[in-house]
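> Pasting a structure here, questions to come.
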Amino acid sequence: MSTRTFNDAVDKLNSLQSNYAAIEASRASGGRMTQYAKHEMIEYLGRIGYSVTDLNQLNVIHVTGTKGKGSTCAFVDSIIRSTTPHRKIGLFTSPHLVSVRERIRINGVPISEEDFVRFFFEVWDRLEQNDQREYSSTLPKPMYFKFLNLMAYHAFLTLKVDTTILEVGVGGEYDSTNIVPKPIVTGVTSLGLDHVIILGATLDKIAWQKGGIYKEGVPAYTVPQPPEALEVLRSRATEKMASSFHVVHPIPELSSLPLGLAGKHQLQNATLALHLADTYLKAQGDVQGDIAQLTEPLNEAYVRGLRATKWPGRCQTVSDPDDSKSTWFLDGAHTVESLTSCAEWFVSPGLGIKPEATRVLIFNCTHGRSGAELLGALQAGFKSQIQLHESATPAEQLFDHVIFCTNVTYSDGTFKGEFTQKGLDEKDLAQLKTQTELANAWKIMIPTFPEARIHVVPSIEHAVKTVKHLRSTQDTPVDALVTGSLLLVGGLIDVANLTKSALEI
């Protein structure tokens with residue numbers, strides 16, 4: 001039999017139903033498909049030789065939310081590694097920035113290509129050999145995200161990890177990560193409106209979905225939420241018979257601690273992560289003390305973990321390795337709330353506003369989201385922060401150029417292999433419909449903005465070339481803020497040759 005390669009695995013992975021296609025199918029079904037999602041995932045798990053009770057061996061910390069769930073998982077991972085370096089820790093997150101291997105990590109490091117190939121084809125082959133399906137509507141193989149989730153379960157069980165941190169894909173109640181019967185602790189980060197087609201168009205409906213990860217006999221945590229969301233989360237914790245329900249509050253010590261992740265909003269994510277990690281470590285007997293009480297001053301190992309946390313593509317500043325006068329400000333924010341935080345970070349003193357620099361905004365948003373609303377939130381965030389810091393730069397003049405591009409990687413219309421699953425509307429792409437709408441929204445927002453400096457381009461490579469051209473025609477530095485989509489940020493890291501600088505972990 002011929003040797004199967006990493007590219008072979010990626011090609012087969014990309015042949016599965018994409019996340020975009022799954023969302024469109026859910027929309028067409030009126031959301032009915034989601035109700036069978038967990039049953040199907042349990043069936044897939046059985047077909048590769050496991051039962052849901054096997055997943056309890058993974059000692060799971062389960063995290064969902066609208067904003068900050070990935071960052072919270074990164075903080076939890078770093079805290080536990082700092083406190084118990086002897087533990088083998090599995091981390092499953094999504095999406096990836098540059099390589100799909102990033103989604104499955106052991107002790108903070110993406111699994112190797114060799115391990116990815118091994119675990120991928122072990123799952124793939126078992127599904128092919130055992131095609132018995134209870135439901136006629138169940139696909140022979142799970143869609144893209146679920147396959148990787150299934151593969152993560154298999155990898156973590158095979159590698160005998162001591163701890164597993166699972167980030168929910170979408171929602172919570174019907175998510176494929178939500179089949180673990182007995183996690184050690186569960187947490188819900190800040191809630192907002194996103195994925196409304198699947199989760200519902202109001203905060204209370206979204207909170208109901210997110211609160212679905214709470215489990216009987218398991219501590220349930222969340223951060224301060226809008227009243228209607230908090231009420232639902234509290235009710236869900238009671239309904240699910242969680243052992244306790246906690247709303248975490250600011251920890252004074254954190255405000256003076258330099259966290260590994262930038263941005264004021266990370267204080268809340270770090271606070272939740274501290275409670276999740278502390279509860280977990282006490283439940284496992286690694287740390288002594290009341291399981292419901294975080295001891296202050298903070299454990300020194302916790303502090304080391306918070307300082308050492310890295311999570312690429314989120315409020316990240318990267319110097320261009322090929323040009324010392326170009327700086328990329330990367331943030332995959334894609335909701336109203338997270339874009340407000342992005343603006344707060346970029347305009348913070350000493351960061352994004354340098355009088356001598358040419359500033360460029362590169363922006364895109366993905367299917368199902370209101371580009372005008374997201375751009376409006378970003379601009380409103382800039383305005384409020386500029387007023388707060390009494391900057392001399394008016395918000396309307398913050399950027400010298402704006403670029404609206406698709407998430408297509410290269411200028412020839414092709415994608416990096418590990419991005420082709422991203423399922424985009426081909427008609428929309430061909431006509432640059434979303435990008436033209438974004439440009440029009442920008443013109444309406446800032447009528448005085450020079451039209452010649454609004455660029456609508458068909459790929460990420462076109463956007464990078466536009467920035468490089470600006471630098472080549474002047475001696476002043478160029479600072480580019482890249483936001484609106486994690487897929488955009490990931491593609492730009494690849495195209496702009498930032499992989500080594502941005503993904504150092």
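A note on labels: chains of the structure tokens are A, B, ... as shown, every chain counts residues from 1, and ligands are counted from 1 in their shown order.
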Please run DSSP on the backbone and report, as a VMD selection string, all residues within segment 174-367 of chain A that come out as strand (DSSP E).

chain A and resid 185 to 188 219 to 222 244 to 247 316 to 319 326 to 331 358 to 363

> Per DSSP on the backbone, what are the alpha helix (DSSP H) residues of segment 95-333 of chain A, as a ChimeraX atom specification?

/A:113-129,144-158,196-199,203-210,227-239,266-283,300-308

> Kindly provide the residues of segment 390-489 of chain A that approach segment 302-320 of chain A to within 12 Å, each paired with its closest atom pair and their distance in Å to one decimal, based on only C-alpha atoms, listed by chain and increasing number, as a Markdown table.


| residue | atom | partner | partner_atom | distance |
| --- | --- | --- | --- | --- |
| A:Val464 | CA | A:Asp320 | CA | 11.5 |
| A:Val467 | CA | A:Asp320 | CA | 11.5 |
| A:Lys468 | CA | A:Asp320 | CA | 10.6 |
| A:Arg471 | CA | A:Asp320 | CA | 11.7 |
| A:Pro477 | CA | A:Asp320 | CA | 11.0 |
| A:Val478 | CA | A:Asp320 | CA | 10.1 |
| A:Asp479 | CA | A:Ser319 | CA | 9.4 |
| A:Ala480 | CA | A:Thr317 | CA | 9.9 |
| A:Leu481 | CA | A:Thr317 | CA | 9.2 |
| A:Val482 | CA | A:Gly313 | CA | 9.4 |
| A:Thr483 | CA | A:Gly313 | CA | 9.2 |
| A:Gly484 | CA | A:Arg314 | CA | 11.2 |
| A:Ser485 | CA | A:Gly313 | CA | 10.0 |
| A:Leu486 | CA | A:Gly313 | CA | 7.3 |
| A:Leu487 | CA | A:Gly313 | CA | 9.9 |
| A:Leu488 | CA | A:Gly313 | CA | 9.9 |
| A:Val489 | CA | A:Gly313 | CA | 6.4 |

> Generate the output file for the selected residues, C-alpha atoms, as a short mmCIF file (atom, residue, chain, number, x, y, z; two decimals), in the first residue's frame.


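The file below, again-v8.cif, is the result:
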data_model
loop_
_atom_site.label_atom_id
_atom_site.label_comp_id
_atom_site.auth_asym_id
_atom_site.auth_seq_id
_atom_site.Cartn_x
_atom_site.Cartn_y
_atom_site.Cartn_z
CA VAL A 464 -0.71 42.50 1.23
CA VAL A 467 0.38 47.52 1.77
CA LYS A 468 3.83 46.61 0.41
CA ARG A 471 5.73 51.15 1.89
CA PRO A 477 6.39 53.33 8.59
CA VAL A 478 3.18 51.51 7.68
CA ASP A 479 0.95 50.08 10.42
CA ALA A 480 -1.77 47.72 9.22
CA LEU A 481 -4.69 46.58 11.39
CA VAL A 482 -6.11 43.30 10.10
CA THR A 483 -9.47 42.30 11.58
CA GLY A 484 -13.04 41.13 11.00
CA SER A 485 -12.28 37.45 10.38
CA LEU A 486 -9.90 34.85 11.79
CA LEU A 487 -9.74 33.34 8.30
CA LEU A 488 -8.48 36.67 6.98
CA VAL A 489 -5.88 36.91 9.75
#

> Given the choices A:Lys433, A:His62, A:His462, A:His334, which gets closest to Gly211 of chain A if the distance is worked out from only C-alpha atoms?

A:His62

> Could you check how far atom CA of Leu257 of chain A sits from atom CA of Phe245 of chain A, in Å to one decimal?

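Interatomic distance here is 26.9 Å.
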
> Need to verify the contact set: Ile61 of chain A, 10 Å, only C-alpha atoms, exclusion of same-chain residues closer than 3 positions in sequence. Can you return it as a ChimeraX atom specification?

/A:58,73,76-77,91,163-167,182-187,276-277,279-280

> Filtering to all heavy atoms, could you give me those residues as a tab-separated table (two decimals), in the first residue's frame?


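This is the output file again.tsv:
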chain	number	residue	atom	x	y	z
A	58	LEU	N	-10.75	11.58	29.83
A	58	LEU	CA	-9.98	12.73	29.35
A	58	LEU	C	-9.90	13.87	30.36
A	58	LEU	O	-9.13	14.82	30.16
A	58	LEU	CB	-10.59	13.25	28.03
A	58	LEU	CG	-10.58	12.27	26.86
A	58	LEU	CD1	-11.28	12.88	25.66
A	58	LEU	CD2	-9.15	11.88	26.50
A	73	CYS	N	-9.44	29.36	26.86
A	73	CYS	CA	-8.84	28.03	26.81
A	73	CYS	C	-7.32	28.11	26.82
A	73	CYS	O	-6.64	27.30	27.46
A	73	CYS	CB	-9.31	27.30	25.55
A	73	CYS	SG	-11.03	26.74	25.59
A	76	VAL	N	-6.22	28.82	30.36
A	76	VAL	CA	-6.38	27.62	31.19
A	76	VAL	C	-5.23	26.64	30.91
A	76	VAL	O	-4.61	26.11	31.83
A	76	VAL	CB	-7.74	26.94	30.92
A	76	VAL	CG1	-7.80	25.58	31.62
A	76	VAL	CG2	-8.89	27.81	31.40
A	77	ASP	N	-4.95	26.43	29.64
A	77	ASP	CA	-3.89	25.52	29.23
A	77	ASP	C	-2.55	25.95	29.83
A	77	ASP	O	-1.80	25.14	30.40
A	77	ASP	CB	-3.82	25.50	27.71
A	77	ASP	CG	-2.69	24.65	27.17
A	77	ASP	OD1	-2.66	23.45	27.48
A	77	ASP	OD2	-1.83	25.19	26.45
A	91	LEU	N	-5.43	20.03	23.99
A	91	LEU	CA	-6.22	21.24	23.77
A	91	LEU	C	-6.84	21.16	22.38
A	91	LEU	O	-6.13	21.00	21.38
A	91	LEU	CB	-5.32	22.48	23.88
A	91	LEU	CG	-5.94	23.84	23.53
A	91	LEU	CD1	-7.07	24.19	24.47
A	91	LEU	CD2	-4.86	24.93	23.55
A	163	THR	N	-5.24	15.67	30.95
A	163	THR	CA	-6.18	16.79	31.00
A	163	THR	C	-6.57	17.14	29.57
A	163	THR	O	-5.72	17.14	28.67
A	163	THR	CB	-5.51	18.04	31.63
A	163	THR	OG1	-5.01	17.70	32.92
A	163	THR	CG2	-6.49	19.20	31.73
A	164	THR	N	-7.85	17.47	29.36
A	164	THR	CA	-8.32	17.91	28.05
A	164	THR	C	-9.10	19.20	28.18
A	164	THR	O	-9.99	19.32	29.03
A	164	THR	CB	-9.22	16.84	27.38
A	164	THR	OG1	-8.46	15.64	27.20
A	164	THR	CG2	-9.73	17.32	26.03
A	165	ILE	N	-8.76	20.17	27.36
A	165	ILE	CA	-9.50	21.43	27.31
A	165	ILE	C	-10.23	21.46	25.98
A	165	ILE	O	-9.60	21.41	24.91
A	165	ILE	CB	-8.55	22.64	27.45
A	165	ILE	CG1	-7.75	22.52	28.75
A	165	ILE	CG2	-9.35	23.95	27.41
A	165	ILE	CD1	-6.50	23.38	28.76
A	166	LEU	N	-11.56	21.50	26.03
A	166	LEU	CA	-12.38	21.48	24.83
A	166	LEU	C	-13.06	22.83	24.63
A	166	LEU	O	-13.81	23.29	25.49
A	166	LEU	CB	-13.48	20.41	24.94
A	166	LEU	CG	-13.12	18.93	24.84
A	166	LEU	CD1	-14.39	18.10	24.93
A	166	LEU	CD2	-12.38	18.63	23.53
A	167	GLU	N	-12.81	23.44	23.47
A	167	GLU	CA	-13.53	24.66	23.10
A	167	GLU	C	-14.69	24.27	22.20
A	167	GLU	O	-14.52	23.57	21.20
A	167	GLU	CB	-12.61	25.63	22.35
A	167	GLU	CG	-13.33	26.90	21.92
A	167	GLU	CD	-12.57	27.72	20.89
A	167	GLU	OE1	-11.51	27.27	20.42
A	167	GLU	OE2	-13.06	28.81	20.56
A	182	LYS	N	-19.26	13.63	31.81
A	182	LYS	CA	-18.88	14.16	33.12
A	182	LYS	C	-17.57	14.95	33.03
A	182	LYS	O	-16.51	14.47	33.43
A	182	LYS	CB	-18.73	13.01	34.11
A	182	LYS	CG	-18.68	13.43	35.57
A	182	LYS	CD	-20.05	13.66	36.14
A	182	LYS	CE	-19.98	13.85	37.65
A	182	LYS	NZ	-21.31	14.08	38.24
A	183	PRO	N	-17.62	16.17	32.51
A	183	PRO	CA	-16.41	16.99	32.57
A	183	PRO	C	-16.08	17.34	34.02
A	183	PRO	O	-16.90	17.12	34.91
A	183	PRO	CB	-16.80	18.24	31.76
A	183	PRO	CG	-18.29	18.28	31.79
A	183	PRO	CD	-18.76	16.87	31.91
A	184	ILE	N	-14.92	17.89	34.25
A	184	ILE	CA	-14.52	18.28	35.60
A	184	ILE	C	-15.07	19.65	35.97
A	184	ILE	O	-15.48	19.90	37.10
A	184	ILE	CB	-12.99	18.27	35.75
A	184	ILE	CG1	-12.40	16.92	35.30
A	184	ILE	CG2	-12.58	18.58	37.19
A	184	ILE	CD1	-12.91	15.72	36.08
A	185	VAL	N	-15.11	20.56	34.97
A	185	VAL	CA	-15.62	21.91	35.21
A	185	VAL	C	-16.04	22.50	33.86
A	185	VAL	O	-15.50	22.13	32.81
A	185	VAL	CB	-14.55	22.80	35.91
A	185	VAL	CG1	-13.32	22.99	35.04
A	185	VAL	CG2	-15.13	24.14	36.34
A	186	THR	N	-17.02	23.40	33.88
A	186	THR	CA	-17.52	24.02	32.65
A	186	THR	C	-17.55	25.54	32.81
A	186	THR	O	-17.76	26.05	33.92
A	186	THR	CB	-18.94	23.53	32.32
A	186	THR	OG1	-19.79	23.82	33.43
A	186	THR	CG2	-18.96	22.03	32.05
A	187	GLY	N	-17.36	26.27	31.70
A	187	GLY	CA	-17.37	27.72	31.78
A	187	GLY	C	-17.94	28.37	30.53
A	187	GLY	O	-17.75	27.86	29.42
A	276	LEU	N	-11.55	28.37	36.44
A	276	LEU	CA	-11.68	27.04	35.83
A	276	LEU	C	-10.46	26.18	36.16
A	276	LEU	O	-10.60	25.02	36.56
A	276	LEU	CB	-11.84	27.16	34.31
A	276	LEU	CG	-13.12	27.84	33.80
A	276	LEU	CD1	-13.07	27.99	32.28
A	276	LEU	CD2	-14.36	27.06	34.21
A	277	ALA	N	-9.27	26.75	36.00
A	277	ALA	CA	-8.04	25.99	36.27
A	277	ALA	C	-7.93	25.64	37.74
A	277	ALA	O	-7.55	24.51	38.11
A	277	ALA	CB	-6.83	26.79	35.80
A	279	THR	N	-10.35	25.37	40.03
A	279	THR	CA	-11.34	24.34	40.37
A	279	THR	C	-10.88	22.97	39.89
A	279	THR	O	-10.98	21.96	40.60
A	279	THR	CB	-12.71	24.69	39.76
A	279	THR	OG1	-13.17	25.92	40.33
A	279	THR	CG2	-13.74	23.60	40.04
A	280	TYR	N	-10.36	22.94	38.65
A	280	TYR	CA	-9.89	21.68	38.08
A	280	TYR	C	-8.73	21.10	38.90
A	280	TYR	O	-8.74	19.91	39.26
A	280	TYR	CB	-9.43	21.91	36.63
A	280	TYR	CG	-8.83	20.69	36.01
A	280	TYR	CD1	-9.63	19.73	35.40
A	280	TYR	CD2	-7.45	20.44	36.07
A	280	TYR	CE1	-9.07	18.57	34.85
A	280	TYR	CE2	-6.89	19.30	35.53
A	280	TYR	CZ	-7.72	18.37	34.93
A	280	TYR	OH	-7.18	17.22	34.41

> Determine, counting only C-alpha atoms, which protein, DNA and RNA residues have an atom within 12 Å of an atom of segment 298-301 of chain A; residues of the same chain fewer than 4 positions away are not included. Present the result as a VMD selection string.

chain A and resid 78 to 85 251 to 254 257 271 274 to 275 277 to 278 281 286 to 289 293 to 294 305 to 308

> Pick out the residues sitting within 12 Å of Leu13 of chain A, and hand them over as a PyMOL selection string; count only C-alpha atoms, and ignore anything fewer than 2 positions along from it in its own chain.

chain A and resi 6-11+15-19+100+116-117+120-121+123-124+141-148+151+417-422

> Counting only C-alpha atoms, which residue out of A:Asp475, A:Phe415, A:Leu375, A:Ala502 sits closest to Met445 of chain A?

A:Leu375
